Amino acid sequence: MAGCGRPDQPTDARRVFRYNQPESLTSLDPAFSNRQANIWAVTQLYNGLVELDSALQPVPSVARSYDVSADGKQYTFRLRPDVRFHDAEVFAGGKGRRVTAPDFVYSFRRLLDKTTASPGGWIFRGKVLENAAGEPADTCFKALNDSTLRVYLKEPFIPFLGILAMPYAYVVPREAVEKYGKDFRAHPVGTGPFRFREWDEGNAIIYHRNPTYWKHDARGQKLPYLDAVQISFIQDRKTEFLTFQQGKLDFLSGIRAGSRDLILHPDGTVRADFRGKFRLEKTPYLNTEYLGFQLDATNLRGEAANPALRDKRVRQALNYALNKPELIAYFLNNVGVPGISGFVPSSLPSYSAKLVPGYSYQPAKARALLQAAGYGPARPLTLHLSTLVERKEVCEYLQKNWADVGVQVAIDINQGGAQQEMVDNGRAAFFTKSWLGDYPDAENYLALFYSKNFAPAGPNKTHFQSAAYDQLYERANLEQDVAKRYELYRQMDRIVVDECPVIALYYDEVVRLTQNNIRGLAPNPMNQLVLERVRKE
């Protein structure tokens, strides 16, 4: 990077942060930030009205302040006067202009525009003010003046600020979108700490420091500290780890099974060969790994239509049969928290294993429940579990647990797209799945069991429905008192535990490896990558 001879090219390689992106990156347009690769890349280029602090609480960003009306339906944001878009050819004289409230109106409406085809329109649909046809109203986003934006909701929605911190809600300039059209994906113009320089697809992306970035540190020094960011695309995990060992990458996230066994003892501690060579950090992750049961037989065919799984006692028995702590210890090097509570992961503040007790390892209780449901040696239960190749080893362990209580489970390995299609369309009776939180509120997890959210249009993959649950869910979305809302969340999670439409296997943790000379790169349960305060020493 230092030898290209361009006047604006960084000259100090020590201030270039290098990370790898093994999964494909499809767009640098925030409207398409629906996968981690895209999210990490656009986070360096853009900002939103608010952002999440280290405690995952929304705090002002481009908005210098905001307030919420007493009825919870109006959000008013006052913008900072010093936020500018990156210098780019789309602006007069190539100089980035000031960000105004109409820019946010444009960016939000663009998410909802069918011609954009963004997967992010859901952050506003069903939440903002609607017209008679049930579509977002023309007046749901309003620029009161250049520095004041107001958003109108149809009813209170407590996690709304957390949603506005998502990359989908980052601000983009109309000029760039109109000039580049679909190619805006590879010609990003944002407001963030770094600005786009080059994308050699499949090989590398390069960002340079934004000299007009509006943020400063506590001592008044302009951010970011780094000169540049370089993203590589090494797909092979072993090669990626070797490259990190050679010091050619500054950071790795989410080490896979082969490297995990190489680096960690089964108890999760670092092996002697690697101790001190880099920093290893393990932190809770907003991800619940689970098994799902399809409770709606409409689209089930053949063996999948077996009615056994629609018997709550059978589902509970399958849950009691699993030794989740042993699974975490022997197969995941103690990376993860056993799923001994409800569906809400342990990293969220409303989580309480005490107030939402789940399923511990009780094989005798599993056998008794199976017997009560009419299954045993004289009438054995045979099932099929649909999964992906990367979960095969874990599923084989579960298979042995179930065999110990007399249940024979065949493992069906599917390609990712086929598995997703089967689950979304209700054709998988029993399946592995994970839910990675979109925003740090339990509502995002509990929405998976709301009857109006049936897949494929919504996240309710199991087609679970309960009038009592729906009532609690709707009450929680209106409840502005945090303690009362958390209690409603726990009541819902207790229903999920009792009815058992899913088995919470474990609440994930993320493992990050960082070179010893990196400072300011803090992990968090959202597994965000925020580089504006990172230093290399």
# chains A, B, ... in the order shown; residues from 1 in each chain; ligands from 1
call {"tool": "residues_around", "arguments": {"residues": "range 375-386 of chain A", "least_positions_apart": "3", "cutoff": "7 Å", "atoms": "only C-alpha atoms", "output": "VMD selection string"}}
result
chain A and resid 370 to 371 406 to 414 428 430 to 432
call {"tool": "select_by_dssp", "arguments": {"residues": "range 430-501 of chain A", "states": "strand (DSSP E)", "output": "list in words"}}
result
Phe430, Phe431, Thr432, Lys433, Ser434, Trp435 and Leu436 of chain A
call {"tool": "closest_atom_pairs", "arguments": {"of": "range 179-273 of chain A", "to": "range 281-305 of chain A", "cutoff": "10 Å", "atoms": "only C-alpha atoms", "output": "tab-separated table"}}
result
residue	atom	partner	partner_atom	distance
A:Ser253	CA	A:Glu281	CA	9.6
A:Gly254	CA	A:Lys282	CA	9.7
A:Gly268	CA	A:Lys282	CA	9.4
call {"tool": "select_by_dssp", "arguments": {"residues": "range 259-482 of chain A", "states": "alpha helix (DSSP H)", "output": "PyMOL selection string"}}
result
chain A and resi 259-263+312-320+324-331+363-372+392-404+416-424+443-446+467-478+482
call {"tool": "residues_around", "arguments": {"residues": "Asn425 in chain A", "least_positions_apart": "4", "cutoff": "7 Å", "atoms": "only C-alpha atoms", "output": "list in words"}}
result
Glu421, Ala455 and Pro456 of chain A
call {"tool": "residues_around", "arguments": {"residues": "range 44-52 of chain A", "least_positions_apart": "6", "cutoff": "6 Å", "atoms": "only C-alpha atoms", "output": "PyMOL selection string"}}
result
chain A and resi 58-63+165+169-171+190-192+194-195
call {"tool": "residues_around", "arguments": {"residues": "Ala366 in chain A", "least_positions_apart": "2", "cutoff": "7 Å", "atoms": "only C-alpha atoms", "output": "JSON, numbers by chain"}}
result
{"A": [317, 318, 320, 321, 362, 363, 364, 368, 369, 370, 405]}
call {"tool": "residues_around", "arguments": {"residues": "Thr212 in chain A", "least_positions_apart": "5", "cutoff": "10 Å", "atoms": "only C-alpha atoms", "output": "list in words"}}
result
Asp82, Val83, Arg84, Phe85, His86, Asp87, Gly96, Thr191, Gly192, Pro193, Phe194, Lys222 and Leu223 of chain A
call {"tool": "closest_residue", "arguments": {"among": "A:Ala143, A:Val16, A:Ala372, A:Ala41", "to": "Thr76 in chain A", "atoms": "only C-alpha atoms"}}
result
A:Ala143
call {"tool": "residues_around", "arguments": {"residues": "Gly72 in chain A", "least_positions_apart": "2", "cutoff": "10 Å", "atoms": "only C-alpha atoms", "output": "number ranges by chain"}}
result
A: 67-70, 74-75, 152-158, 160, 478-480
call {"tool": "closest_atom_pairs", "arguments": {"of": "range 15-41 of chain A", "to": "range 112-128 of chain A", "cutoff": "7 Å", "atoms": "only C-alpha atoms", "output": "JSON lines"}}
result
{"residue": "A:Ala31", "atom": "CA", "partner": "A:Ser118", "partner_atom": "CA", "distance": 5.5}
{"residue": "A:Phe32", "atom": "CA", "partner": "A:Ser118", "partner_atom": "CA", "distance": 5.8}
{"residue": "A:Asn34", "atom": "CA", "partner": "A:Pro119", "partner_atom": "CA", "distance": 6.9}
call {"tool": "atom_distance", "arguments": {"atom1": "CA of Leu56 in chain A", "atom2": "CA of Ile263 in chain A"}}
result
29.3 Å
call {"tool": "closest_residue", "arguments": {"among": "A:Ile503, A:Ala55, A:Val534, A:Leu355", "to": "Gly162 in chain A", "atoms": "only C-alpha atoms"}}
result
A:Ala55
call {"tool": "closest_residue", "arguments": {"among": "A:Lys215, A:Arg427, A:Lys452, A:Lys324", "to": "Leu398 in chain A", "atoms": "only C-alpha atoms"}}
result
A:Lys324
call {"tool": "closest_atom_pairs", "arguments": {"of": "range 256-342 of chain A", "to": "range 392-396 of chain A", "cutoff": "12 Å", "atoms": "only C-alpha atoms", "output": "CSV"}}
result
residue,atom,partner,partner_atom,distance
A:Ala257,CA,A:Glu393,CA,10.1
A:Glu289,CA,A:Val394,CA,11.2
A:Tyr290,CA,A:Cys395,CA,11.3
A:Leu291,CA,A:Cys395,CA,10.1
A:Leu322,CA,A:Cys395,CA,11.0
A:Asn323,CA,A:Val394,CA,11.7
A:Lys324,CA,A:Val394,CA,10.6
A:Glu326,CA,A:Val394,CA,11.1
A:Leu327,CA,A:Val394,CA,7.5
A:Ile328,CA,A:Val394,CA,9.5
A:Ala329,CA,A:Val394,CA,11.7
A:Tyr330,CA,A:Val394,CA,9.8
A:Phe331,CA,A:Val394,CA,6.9
A:Leu332,CA,A:Val394,CA,8.9
call {"tool": "closest_residue", "arguments": {"among": "A:Val511, A:Lys536, A:Pro459, A:His208", "to": "Gly426 in chain A", "atoms": "only C-alpha atoms"}}
result
A:Pro459
call {"tool": "closest_residue", "arguments": {"among": "A:Val344, A:Ala522, A:Val99, A:Leu472", "to": "Asn444 in chain A", "atoms": "only C-alpha atoms"}}
result
A:Val344
